[in-house]
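One file, coords06.txt, is given below (compact mmCIF, C-alpha atoms).
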```txt
# COMPACT_ATOMS: atom_id res chain seq x y z
CA MET K 12 27.94 163.71 -192.04
CA THR K 13 28.99 164.71 -188.54
CA ASP K 14 27.47 167.90 -187.12
CA HIS K 15 30.04 170.40 -185.87
CA PRO K 16 29.32 172.48 -182.77
CA PRO K 17 28.57 176.15 -183.51
CA ALA K 18 31.60 178.37 -183.58
CA SER K 19 32.14 180.41 -180.43
CA PRO K 20 31.62 184.17 -180.83
CA PRO K 21 34.78 186.25 -181.28
CA PRO K 22 36.15 187.75 -178.07
CA GLU K 23 35.19 191.26 -177.18
CA PRO K 24 37.88 193.78 -178.12
CA ASP K 25 40.16 194.78 -175.26
CA ASP K 26 40.77 198.52 -175.01
CA ARG K 27 44.21 197.89 -173.60
CA GLN K 28 45.09 195.91 -176.70
CA THR K 29 43.44 198.11 -179.31
CA GLY K 30 44.47 201.40 -177.75
CA THR K 31 40.90 202.73 -177.61
CA ASP K 32 41.50 203.97 -174.08
CA ARG K 33 44.22 206.25 -175.43
CA LEU K 34 41.50 208.33 -177.06
CA THR K 35 40.78 209.58 -173.53
CA PRO K 36 43.18 212.41 -172.55
CA ALA K 37 45.87 211.30 -170.13
CA TRP K 38 44.72 213.73 -167.45
CA ARG K 39 41.39 211.87 -167.30
CA ARG K 40 42.71 208.31 -167.19
CA VAL K 41 45.00 206.26 -164.96
CA THR K 42 48.67 206.91 -165.68
CA GLU K 43 52.00 206.15 -164.06
CA GLY K 44 53.06 208.44 -161.27
CA GLU K 45 54.84 211.73 -161.88
CA HIS K 46 58.61 211.97 -161.44
CA ARG K 47 59.66 213.30 -158.04
CA LEU K 48 62.81 215.12 -159.30
CA PRO K 49 61.24 218.41 -160.54
CA MET K 50 59.32 218.94 -157.30
CA ALA K 51 62.30 217.97 -155.12
CA SER K 52 64.59 220.31 -157.08
CA ALA K 53 62.19 223.22 -156.59
CA VAL K 54 61.96 222.53 -152.86
CA LEU K 55 65.75 222.48 -152.55
CA VAL K 56 65.97 225.85 -154.34
CA MET K 57 63.28 227.21 -152.03
CA ILE K 58 65.14 225.97 -148.93
CA ALA K 59 68.39 227.53 -150.16
CA LEU K 60 66.69 230.88 -150.77
CA GLN K 61 65.20 230.89 -147.28
CA ALA K 62 68.50 229.89 -145.68
CA VAL K 63 70.36 232.94 -147.04
CA LEU K 64 67.81 235.54 -145.95
CA PRO K 65 68.99 238.06 -143.32
CA GLU K 66 68.14 236.69 -139.90
CA HIS K 67 66.06 239.71 -138.89
CA LEU K 68 63.60 238.76 -141.67
CA THR K 69 63.18 235.17 -140.53
CA LEU K 70 60.59 233.84 -138.11
CA THR K 71 63.22 232.14 -135.96
CA VAL K 72 66.92 231.34 -136.15
CA SER K 73 67.69 231.24 -139.87
CA TRP K 74 68.57 227.53 -140.03
CA VAL K 75 65.60 226.13 -138.08
CA LEU K 76 62.79 226.19 -140.66
CA PRO K 77 65.03 225.18 -143.60
CA SER K 78 66.20 222.22 -141.51
CA ILE K 79 62.60 221.17 -140.84
CA GLU K 80 61.76 221.46 -144.54
CA THR K 81 64.82 219.40 -145.48
CA ALA K 82 63.85 216.66 -143.04
CA ILE K 83 60.30 216.48 -144.41
CA LEU K 84 61.60 216.41 -148.00
CA ALA K 85 63.87 213.50 -147.06
CA LEU K 86 60.85 211.59 -145.74
CA LEU K 87 58.95 212.25 -148.98
CA LEU K 88 61.90 211.04 -151.04
CA ILE K 89 62.09 207.86 -148.98
CA ALA K 90 58.36 207.22 -149.53
CA ASN K 91 58.47 208.00 -153.28
CA PRO K 92 62.08 208.17 -154.46
CA LEU K 93 61.40 208.12 -158.21
CA ARG K 94 57.71 208.37 -159.07
CA ILE K 95 54.83 209.67 -156.97
CA THR K 96 52.63 206.61 -156.75
CA HIS K 97 52.08 206.33 -152.98
CA ARG K 98 48.79 207.90 -151.87
CA SER K 99 48.87 207.29 -148.11
CA LYS K 100 47.46 209.99 -145.86
CA GLY K 101 50.74 210.17 -143.96
CA VAL K 102 52.75 211.03 -147.08
CA ARG K 103 50.16 213.56 -148.22
CA TRP K 104 50.07 215.26 -144.82
CA ALA K 105 53.86 215.40 -144.75
CA GLY K 106 53.80 217.26 -148.05
CA LEU K 107 51.16 219.67 -146.80
CA VAL K 108 53.10 220.34 -143.58
CA LEU K 109 56.21 221.08 -145.65
CA LEU K 110 54.28 223.65 -147.68
CA ALA K 111 52.66 225.13 -144.56
CA VAL K 112 56.08 225.66 -142.93
CA ALA K 113 57.48 227.19 -146.14
CA SER K 114 54.45 229.45 -146.52
CA LEU K 115 54.66 230.62 -142.91
CA ALA K 116 58.37 231.37 -143.26
CA ASN K 117 58.05 233.28 -146.52
CA GLY K 118 54.89 235.09 -145.46
CA TRP K 119 56.62 236.27 -142.29
CA SER K 120 59.64 237.48 -144.27
CA ALA K 121 57.42 239.33 -146.75
CA GLY K 122 55.45 240.96 -143.94
CA ILE K 123 58.55 242.12 -142.08
CA LEU K 124 60.08 243.48 -145.29
CA ILE K 125 56.91 245.36 -146.27
CA ALA K 126 56.53 246.80 -142.76
CA GLY K 127 60.17 247.88 -142.79
CA LEU K 128 59.79 249.59 -146.15
CA ILE K 129 56.70 251.45 -144.97
CA ASN K 130 58.35 252.50 -141.69
CA GLY K 131 61.65 253.39 -143.35
CA THR K 132 63.72 250.82 -141.44
CA GLU K 133 64.48 248.68 -144.52
CA GLY K 134 66.10 249.57 -147.80
CA GLY K 135 69.27 251.44 -147.00
CA ASN K 136 71.07 249.88 -149.96
CA ALA K 137 69.34 249.46 -153.33
CA GLY K 138 71.34 246.41 -154.42
CA ARG K 139 70.80 244.59 -151.14
CA LEU K 140 67.11 245.50 -151.20
CA PHE K 141 66.69 244.09 -154.70
CA ALA K 142 68.46 240.88 -153.63
CA VAL K 143 66.27 240.38 -150.54
CA GLY K 144 63.04 241.39 -152.29
CA GLY K 145 63.85 239.17 -155.27
CA ASN K 146 64.56 236.27 -152.91
CA ILE K 147 61.15 236.58 -151.23
CA TRP K 148 59.37 237.15 -154.55
CA LEU K 149 60.94 234.07 -156.17
CA THR K 150 60.31 231.94 -153.09
CA ASN K 151 56.67 233.02 -153.21
CA ILE K 152 56.41 231.70 -156.79
CA ILE K 153 57.87 228.33 -155.83
CA VAL K 154 55.67 228.03 -152.73
CA PHE K 155 52.45 228.73 -154.62
CA GLY K 156 53.51 226.53 -157.53
CA LEU K 157 53.89 223.71 -155.01
CA TRP K 158 50.50 224.48 -153.45
CA TYR K 159 48.77 224.41 -156.84
CA TRP K 160 50.53 221.15 -157.71
CA GLU K 161 49.73 219.56 -154.35
CA LEU K 162 46.04 220.50 -154.24
CA ASP K 163 44.79 220.31 -157.83
CA ARG K 164 42.40 217.34 -158.14
CA GLY K 165 43.60 215.89 -154.85
CA GLY K 166 47.34 215.98 -155.55
CA PRO K 167 49.75 214.15 -157.88
CA GLY K 168 48.91 210.68 -156.57
CA ALA K 169 45.16 211.19 -156.98
CA ARG K 170 45.68 212.67 -160.45
CA ALA K 171 47.72 209.66 -161.55
CA ALA K 172 44.91 207.38 -160.33
CA ALA K 173 42.28 209.54 -162.08
CA LEU K 174 40.22 209.78 -158.89
CA LYS K 175 38.72 213.16 -159.79
CA ASN K 176 37.55 214.32 -163.22
CA LYS K 177 36.79 217.94 -162.38
CA PRO K 178 39.95 220.07 -162.46
CA ASP K 179 40.74 222.95 -160.12
CA PHE K 180 42.82 224.54 -162.87
CA LEU K 181 41.84 224.48 -166.54
CA PHE K 182 45.00 224.28 -168.63
CA PRO K 183 44.88 225.16 -172.35
CA GLU K 184 45.67 221.54 -173.28
CA MET K 185 42.39 220.54 -171.64
CA THR K 186 40.36 222.93 -173.74
CA ALA K 187 42.03 221.93 -177.02
CA PRO K 188 42.47 218.14 -176.78
CA ASP K 189 42.74 217.79 -180.56
CA LEU K 190 45.90 219.90 -180.51
CA ALA K 191 47.44 218.48 -177.33
CA ASP K 192 49.43 215.28 -177.11
CA VAL K 193 47.19 212.39 -176.04
CA ASP K 194 49.70 211.63 -173.25
CA TRP K 195 49.72 215.19 -171.91
CA GLU K 196 48.77 215.71 -168.28
CA PRO K 197 49.71 218.54 -165.89
CA ARG K 198 53.10 218.14 -164.26
CA PHE K 199 54.93 220.24 -161.68
CA THR K 200 56.46 222.54 -164.31
CA ASP K 201 52.95 223.44 -165.52
CA TYR K 202 51.98 224.57 -162.02
CA LEU K 203 55.26 226.43 -161.57
CA TYR K 204 54.60 228.26 -164.84
CA LEU K 205 51.11 229.07 -163.62
CA ALA K 206 52.53 230.56 -160.41
CA TYR K 207 55.11 232.57 -162.35
CA THR K 208 52.62 234.10 -164.79
CA ASN K 209 50.25 234.91 -161.92
CA ALA K 210 53.09 236.68 -160.08
CA THR K 211 54.04 238.77 -163.11
CA ALA K 212 50.65 239.50 -164.70
CA PHE K 213 48.70 239.59 -161.39
CA SER K 214 45.87 237.75 -163.18
CA PRO K 215 45.21 234.44 -164.96
CA THR K 216 46.90 234.13 -168.35
CA ASP K 217 46.38 230.87 -170.25
CA THR K 218 45.28 228.75 -167.25
CA LEU K 219 42.02 229.48 -165.46
CA PRO K 220 41.18 228.73 -161.82
CA PHE K 221 37.98 226.69 -161.67
CA SER K 222 37.41 226.06 -157.97
CA ARG K 223 36.95 228.65 -155.24
CA TRP K 224 40.12 227.69 -153.38
CA SER K 225 42.19 228.05 -156.57
CA LYS K 226 40.76 231.54 -157.17
CA LEU K 227 41.51 232.58 -153.59
CA GLY K 228 44.99 231.08 -153.82
CA MET K 229 45.82 233.00 -156.98
CA MET K 230 44.40 236.16 -155.43
CA LEU K 231 46.59 235.76 -152.34
CA GLN K 232 49.69 235.07 -154.42
CA SER K 233 49.08 238.17 -156.57
CA THR K 234 48.61 240.30 -153.46
CA ILE K 235 51.92 239.18 -151.95
CA SER K 236 53.78 239.57 -155.25
CA LEU K 237 52.34 243.01 -155.86
CA GLY K 238 53.05 244.20 -152.31
CA VAL K 239 56.66 243.02 -152.32
CA GLY K 240 57.45 243.99 -155.90
CA ALA K 241 55.87 247.44 -155.92
CA LEU K 242 57.34 248.54 -152.60
CA VAL K 243 60.81 247.14 -153.31
CA ILE K 244 61.00 248.82 -156.72
CA ALA K 245 59.63 252.11 -155.41
CA ARG K 246 62.08 252.19 -152.48
CA ALA K 247 65.04 251.17 -154.66
CA VAL K 248 64.26 253.89 -157.22
CA ASN K 249 63.99 256.42 -154.41
CA ILE K 250 67.44 255.39 -153.11
CA LEU K 251 69.03 255.60 -156.54
CA THR K 252 67.60 259.02 -157.27
```

Can you dump the structure from the file as structure tokens?
Amino acid sequence: MTDHPPASPPPEPDDRQTGTDRLTPAWRRVTEGEHRLPMASAVLVMIALQAVLPEHLTLTVSWVLPSIETAILALLLIANPLRITHRSKGVRWAGLVLLAVASLANGWSAGILIAGLINGTEGGNAGRLFAVGGNIWLTNIIVFGLWYWELDRGGPGARAAALKNKPDFLFPEMTAPDLADVDWEPRFTDYLYLAYTNATAFSPTDTLPFSRWSKLGMMLQSTISLGVGALVIARAVNILT
């Protein structure tokens, strides 16, 4: 009777085939890049808001900074037209420069408006004051939403590659993984919501800042929102009465 060679051991199970890796939340594993459209749409809204501000509230001629922001956005769209998968330093720095320019422009406008309200040189018309103050307040939300999105765990490209496990912002889906979708991971709309709730409640709501920079960022955003909102409302009420 012929001896048969011993049977080879069964192959080790492959997580990619069995789906075991899907037990790990999406925000902690490698995923495909985030869509560029939500971020690009928010930037376009921000540029439009800045472009219609009265020129005396702008840092320079009203069209200069919006034009710079548009040019940088175009470069970002060329680098990542559909999904944010490119993690080159050049692309990341371009995004940070875009946010720095937008922050400088909106911070200047907020400062000039607040100084004018305190000195009595702004706010002759309640409707116009509400429009200008609302413009700066809304732009501030978009700007900080973009900052949170760009910096959390190294940015969208680094998050997609799962390069960092420790979050800068702790979203409720992270604390209740059994209730969250296994494919959930923070997207731009989550950071925009975070910026909006911080601007209206002046404190964390359902998402907690974990790193020092995120705490300081939320504190700065609340300060700007409170300064613009409180003074605009107070001045407008005074005009109407």

Query raised in the report: Near segment 91-103 of chain K, within 7 Å and counting only C-alpha atoms, which residues show up once chain neighbours fewer than 6 positions away are dropped, as an MDAnalysis selection string?
Result: chainID K and resid 44:47 167:168

request  = Could you check which of K:Glu80, K:Ala90, K:Phe141, K:Asn136 is closest to Ala116 of chain K, using all atoms listed in the file?
outcome  =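 The closest residue to Ala116 of chain K is K:Glu80.
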
Review point. What separation in Å, quoted to one decimal, exists between atom CA of Trp195 of chain K and atom CA of Leu181 of chain K?
Key: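 These atoms are spaced 13.3 Å apart.
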
Separating atom CA of Leu162 of chain K from atom CA of Asn176 of chain K, to the nearest tenth of an Å, is a gap of 13.8 Å

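Using all atoms listed in the file, the nearest neighbour of Met50 of chain K within the list K:Asp201, K:Asp163, K:Glu184, K:Glu133 is K:Asp201.
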
Around the point (63.7, 255.3, -149.1), in the coordinates given by the file, pick out the residues reaching within 12 Å, counting only C-alpha atoms, and return them as number ranges by chain. K: 127-137, 140, 242-252

Restricting to only C-alpha atoms, whichever of K:Ser73, K:Gln232, K:Thr42, K:Thr150 is closest to Leu205 of chain K is K:Gln232

Would you place a box with edges along x, y and z of the file around all atoms of segment 65-75 of chain K listed there, add 4 Å to each of its six sides, and report the centre and edge lengths in Å to one decimal, as lines of an AutoDock Vina configuration file?
```
center_x = 64.8
center_y = 232.9
center_z = -139.6
size_x = 16.4
size_y = 21.6
size_z = 15.4
```

Taken to one decimal, the atom CA of Met229 of chain K-atom CA of Ala173 of chain K distance is 24.3 Å

Best match for closeness to Asn117 of chain K among K:Gln61, K:Phe155, K:Leu84, K:Leu231, counting only C-alpha atoms:
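Comparing K:Gln61, K:Phe155, K:Leu84, K:Leu231 against Asn117 of chain K, the winner is K:Gln61.
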
With distances taken over all atoms listed in the file, the candidate from K:Asn151, K:Ser52, K:Thr35, K:Thr71 nearest Gly228 of chain K is K:Asn151

Neighbours of segment 211-222 of chain K within 7 Å (only C-alpha atoms; same-chain residues fewer than 2 positions away dropped), as a list in words?
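Returned residues: Pro178, Asp179, Phe180, Leu181, Phe182, Pro183, Leu205, Tyr207, Thr208, Asn209, Trp224, Ser225, Lys226 and Ser233 of chain K.
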
At a cut-off of 8 Å, using only C-alpha atoms, what residues contact segment 157-161 of chain K? Leave out same-chain residues fewer than 3 positions from it and give the result as a JSON list (two decimals) with C-alpha atoms, in the frame of the given file.
```
[["chain", "number", "residue", "atom", "x", "y", "z"],
["K", 50, "MET", "CA", 59.32, 218.94, -157.30],
["K", 106, "GLY", "CA", 53.80, 217.26, -148.05],
["K", 107, "LEU", "CA", 51.16, 219.67, -146.80],
["K", 110, "LEU", "CA", 54.28, 223.65, -147.68],
["K", 153, "ILE", "CA", 57.87, 228.33, -155.83],
["K", 154, "VAL", "CA", 55.67, 228.03, -152.73],
["K", 165, "GLY", "CA", 43.60, 215.89, -154.85],
["K", 166, "GLY", "CA", 47.34, 215.98, -155.55],
["K", 167, "PRO", "CA", 49.75, 214.15, -157.88],
["K", 198, "ARG", "CA", 53.10, 218.14, -164.26],
["K", 199, "PHE", "CA", 54.93, 220.24, -161.68],
["K", 202, "TYR", "CA", 51.98, 224.57, -162.02],
["K", 203, "LEU", "CA", 55.26, 226.43, -161.57],
["K", 225, "SER", "CA", 42.19, 228.05, -156.57]]
```

Generate a file for segment 210-237 of chain K, containing N, CA and C atoms, as a PDB file, in the first residue's frame.
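Written output follows (out_37.pdb):
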```
ATOM      1  N   ALA K 210     -20.157  77.518  18.325  1.00  0.00           N
ATOM      2  CA  ALA K 210     -20.462  78.946  18.122  1.00  0.00           C
ATOM      3  C   ALA K 210     -21.775  79.342  18.761  1.00  0.00           C
ATOM      4  N   THR K 211     -22.685  78.388  18.933  1.00  0.00           N
ATOM      5  CA  THR K 211     -23.996  78.719  19.491  1.00  0.00           C
ATOM      6  C   THR K 211     -24.081  78.431  20.990  1.00  0.00           C
ATOM      7  N   ALA K 212     -23.431  77.369  21.444  1.00  0.00           N
ATOM      8  CA  ALA K 212     -23.471  77.027  22.874  1.00  0.00           C
ATOM      9  C   ALA K 212     -22.293  77.603  23.642  1.00  0.00           C
ATOM     10  N   PHE K 213     -21.245  78.042  22.907  1.00  0.00           N
ATOM     11  CA  PHE K 213     -20.018  78.579  23.516  1.00  0.00           C
ATOM     12  C   PHE K 213     -19.360  77.556  24.443  1.00  0.00           C
ATOM     13  N   SER K 214     -19.545  76.266  24.146  1.00  0.00           N
ATOM     14  CA  SER K 214     -18.940  75.202  24.948  1.00  0.00           C
ATOM     15  C   SER K 214     -19.110  73.898  24.181  1.00  0.00           C
ATOM     16  N   PRO K 215     -18.339  72.860  24.510  1.00  0.00           N
ATOM     17  CA  PRO K 215     -18.523  71.573  23.852  1.00  0.00           C
ATOM     18  C   PRO K 215     -19.922  71.021  24.113  1.00  0.00           C
ATOM     19  N   THR K 216     -20.490  70.370  23.125  1.00  0.00           N
ATOM     20  CA  THR K 216     -21.798  69.737  23.286  1.00  0.00           C
ATOM     21  C   THR K 216     -21.629  68.218  23.310  1.00  0.00           C
ATOM     22  N   ASP K 217     -21.708  67.566  22.156  1.00  0.00           N
ATOM     23  CA  ASP K 217     -21.566  66.106  22.144  1.00  0.00           C
ATOM     24  C   ASP K 217     -20.162  65.654  21.781  1.00  0.00           C
ATOM     25  N   THR K 218     -19.320  66.578  21.300  1.00  0.00           N
ATOM     26  CA  THR K 218     -17.956  66.241  20.883  1.00  0.00           C
ATOM     27  C   THR K 218     -16.965  66.972  21.777  1.00  0.00           C
ATOM     28  N   LEU K 219     -16.017  66.222  22.326  1.00  0.00           N
ATOM     29  CA  LEU K 219     -15.083  66.793  23.289  1.00  0.00           C
ATOM     30  C   LEU K 219     -13.706  67.012  22.677  1.00  0.00           C
ATOM     31  N   PRO K 220     -13.087  68.161  22.948  1.00  0.00           N
ATOM     32  CA  PRO K 220     -11.695  68.362  22.517  1.00  0.00           C
ATOM     33  C   PRO K 220     -10.769  67.550  23.418  1.00  0.00           C
ATOM     34  N   PHE K 221      -9.828  66.843  22.820  1.00  0.00           N
ATOM     35  CA  PHE K 221      -8.940  65.978  23.589  1.00  0.00           C
ATOM     36  C   PHE K 221      -7.528  66.517  23.699  1.00  0.00           C
ATOM     37  N   SER K 222      -7.075  67.227  22.663  1.00  0.00           N
ATOM     38  CA  SER K 222      -5.711  67.761  22.671  1.00  0.00           C
ATOM     39  C   SER K 222      -5.740  69.226  23.097  1.00  0.00           C
ATOM     40  N   ARG K 223      -4.573  69.749  23.460  1.00  0.00           N
ATOM     41  CA  ARG K 223      -4.521  71.142  23.915  1.00  0.00           C
ATOM     42  C   ARG K 223      -4.851  72.115  22.790  1.00  0.00           C
ATOM     43  N   TRP K 224      -4.353  71.839  21.578  1.00  0.00           N
ATOM     44  CA  TRP K 224      -4.642  72.770  20.483  1.00  0.00           C
ATOM     45  C   TRP K 224      -6.132  72.803  20.182  1.00  0.00           C
ATOM     46  N   SER K 225      -6.821  71.656  20.281  1.00  0.00           N
ATOM     47  CA  SER K 225      -8.257  71.643  19.992  1.00  0.00           C
ATOM     48  C   SER K 225      -9.027  72.427  21.056  1.00  0.00           C
ATOM     49  N   LYS K 226      -8.588  72.363  22.303  1.00  0.00           N
ATOM     50  CA  LYS K 226      -9.237  73.147  23.360  1.00  0.00           C
ATOM     51  C   LYS K 226      -9.033  74.640  23.133  1.00  0.00           C
ATOM     52  N   LEU K 227      -7.802  75.014  22.784  1.00  0.00           N
ATOM     53  CA  LEU K 227      -7.523  76.432  22.527  1.00  0.00           C
ATOM     54  C   LEU K 227      -8.274  76.923  21.295  1.00  0.00           C
ATOM     55  N   GLY K 228      -8.374  76.069  20.279  1.00  0.00           N
ATOM     56  CA  GLY K 228      -9.100  76.443  19.074  1.00  0.00           C
ATOM     57  C   GLY K 228     -10.575  76.688  19.345  1.00  0.00           C
ATOM     58  N   MET K 229     -11.190  75.799  20.112  1.00  0.00           N
ATOM     59  CA  MET K 229     -12.599  75.990  20.453  1.00  0.00           C
ATOM     60  C   MET K 229     -12.793  77.221  21.338  1.00  0.00           C
ATOM     61  N   MET K 230     -11.836  77.473  22.207  1.00  0.00           N
ATOM     62  CA  MET K 230     -11.921  78.660  23.060  1.00  0.00           C
ATOM     63  C   MET K 230     -11.844  79.932  22.224  1.00  0.00           C
ATOM     64  N   LEU K 231     -10.936  79.963  21.248  1.00  0.00           N
ATOM     65  CA  LEU K 231     -10.808  81.135  20.384  1.00  0.00           C
ATOM     66  C   LEU K 231     -12.062  81.338  19.554  1.00  0.00           C
ATOM     67  N   GLN K 232     -12.594  80.253  18.999  1.00  0.00           N
ATOM     68  CA  GLN K 232     -13.815  80.370  18.198  1.00  0.00           C
ATOM     69  C   GLN K 232     -14.973  80.916  19.031  1.00  0.00           C
ATOM     70  N   SER K 233     -15.143  80.401  20.239  1.00  0.00           N
ATOM     71  CA  SER K 233     -16.224  80.873  21.117  1.00  0.00           C
ATOM     72  C   SER K 233     -16.060  82.357  21.446  1.00  0.00           C
ATOM     73  N   THR K 234     -14.827  82.773  21.655  1.00  0.00           N
ATOM     74  CA  THR K 234     -14.572  84.181  21.979  1.00  0.00           C
ATOM     75  C   THR K 234     -14.979  85.097  20.834  1.00  0.00           C
ATOM     76  N   ILE K 235     -14.599  84.717  19.608  1.00  0.00           N
ATOM     77  CA  ILE K 235     -14.956  85.526  18.439  1.00  0.00           C
ATOM     78  C   ILE K 235     -16.467  85.543  18.240  1.00  0.00           C
ATOM     79  N   SER K 236     -17.092  84.371  18.344  1.00  0.00           N
ATOM     80  CA  SER K 236     -18.543  84.286  18.151  1.00  0.00           C
ATOM     81  C   SER K 236     -19.293  85.099  19.197  1.00  0.00           C
ATOM     82  N   LEU K 237     -18.845  85.001  20.437  1.00  0.00           N
ATOM     83  CA  LEU K 237     -19.510  85.733  21.506  1.00  0.00           C
ATOM     84  C   LEU K 237     -19.337  87.243  21.323  1.00  0.00           C
TER      85      LEU K 237
END
```
